[in-house]
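Worksheet: one structure, shown below.
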Amino acid sequence: MIEVMIRWPINPFRGERFAEEWLPVAEAVLDYGATEWAFTRAIDGRLDFIQTALFPSKEAFEQYWYSEEVSQKRVEIAGIYQVPLVPTFWEVLGAGEAEEFSPVPRAPS
């Protein structure tokens with residue numbers, strides 16, 4: 001299992017459009033064998049996005065990334081994001097998730 005991370009630096013005044021245009025494409029990793037995905041946006045600055053996904057192999061990711069659908073969308077939104085885009089690959093050594101969300105209570109101020 002590998003985790004793929006793509007850092008998307010967005011050009012000024014284009015964050016909203018990028019989020020709207022790329023969200024369905026980020027989710028499409030599930031159609032190419034990914035078991036999990038996330039598409040996140042920086043709270044401060046709002047022009048930095050990170051796309052992650054868990055794939056069984058680098059080859060499975062490449063089927064997604066170089067597919068006609070995803071390649072065409074990158075061309076359509078050229079000028080919104082800065083290039084080069086360099087996906088990075090991480091070996092998953094451990095992972096987990098909470099079955100229930102239990103926020104830690106905050107001390108009164």
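Each chain of the structure tokens is named A, B, ... in the order shown, its residues numbered from 1; ligands are numbered from 1 in display order.
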If you count only C-alpha atoms, which residues fall within 6 Å of region 48-61 of chain A, apart from same-chain ones fewer than 5 positions away, as a VMD selection string? chain A and resid 1 to 9 34 to 42
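Contact shell of region 81-83 of chain A at 9 Å (only C-alpha atoms; same-chain neighbours under 4 positions omitted): Trp8, Pro9, Ile10, Asn11, Arg14, Gly15, Phe18 and Ile77 of chain A.
The smallest atom-to-atom distance between Tyr66 (chain A) and any of A:Ala95, A:Leu23, A:Val29, A:Ala78, using only C-alpha atoms, is found for A:Val29.
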Considering only strand (DSSP E) as DSSP defines it on the backbone, what residues of chain A qualify? List them as a PDB file with C-alpha atoms, in the first residue's frame.
```pdb
ATOM      1  CA  ILE A   2       1.278   3.462  -0.875  1.00  0.00           C
ATOM      2  CA  GLU A   3       0.090   6.937  -0.063  1.00  0.00           C
ATOM      3  CA  VAL A   4       0.351   9.493  -2.831  1.00  0.00           C
ATOM      4  CA  MET A   5       0.549  13.183  -1.968  1.00  0.00           C
ATOM      5  CA  ILE A   6       0.217  16.028  -4.447  1.00  0.00           C
ATOM      6  CA  ARG A   7       0.784  19.571  -3.258  1.00  0.00           C
ATOM      7  CA  TRP A   8      -1.203  22.021  -5.381  1.00  0.00           C
ATOM      8  CA  PRO A   9       0.050  25.637  -5.109  1.00  0.00           C
ATOM      9  CA  GLU A  36      -9.008   6.286   0.640  1.00  0.00           C
ATOM     10  CA  TRP A  37      -8.674   9.855  -0.512  1.00  0.00           C
ATOM     11  CA  ALA A  38      -8.568  13.381   0.866  1.00  0.00           C
ATOM     12  CA  PHE A  39      -8.531  16.823  -0.719  1.00  0.00           C
ATOM     13  CA  THR A  40      -7.590  19.513   1.778  1.00  0.00           C
ATOM     14  CA  ARG A  41      -7.154  23.272   1.726  1.00  0.00           C
ATOM     15  CA  ASP A  48      -2.411  25.688  -0.820  1.00  0.00           C
ATOM     16  CA  PHE A  49      -4.187  22.402  -1.438  1.00  0.00           C
ATOM     17  CA  ILE A  50      -3.039  18.862  -0.737  1.00  0.00           C
ATOM     18  CA  GLN A  51      -4.487  15.810  -2.419  1.00  0.00           C
ATOM     19  CA  THR A  52      -3.781  12.388  -0.892  1.00  0.00           C
ATOM     20  CA  ALA A  53      -4.895   8.879  -1.713  1.00  0.00           C
ATOM     21  CA  LEU A  54      -4.063   5.318  -0.723  1.00  0.00           C
ATOM     22  CA  PHE A  55      -3.382   3.009  -3.663  1.00  0.00           C
ATOM     23  CA  THR A  88       5.330  12.025  -3.926  1.00  0.00           C
ATOM     24  CA  PHE A  89       4.945   8.423  -2.860  1.00  0.00           C
ATOM     25  CA  TRP A  90       5.042   7.145   0.701  1.00  0.00           C
ATOM     26  CA  GLU A  91       5.134   3.584   1.970  1.00  0.00           C
TER      27      GLU A  91
END
```
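Ranking A:Glu97, A:Arg74, A:Ser67, A:Gly79 by their shortest atom-to-atom distance to Trp22 (chain A), with only C-alpha atoms included, puts A:Arg74 first.
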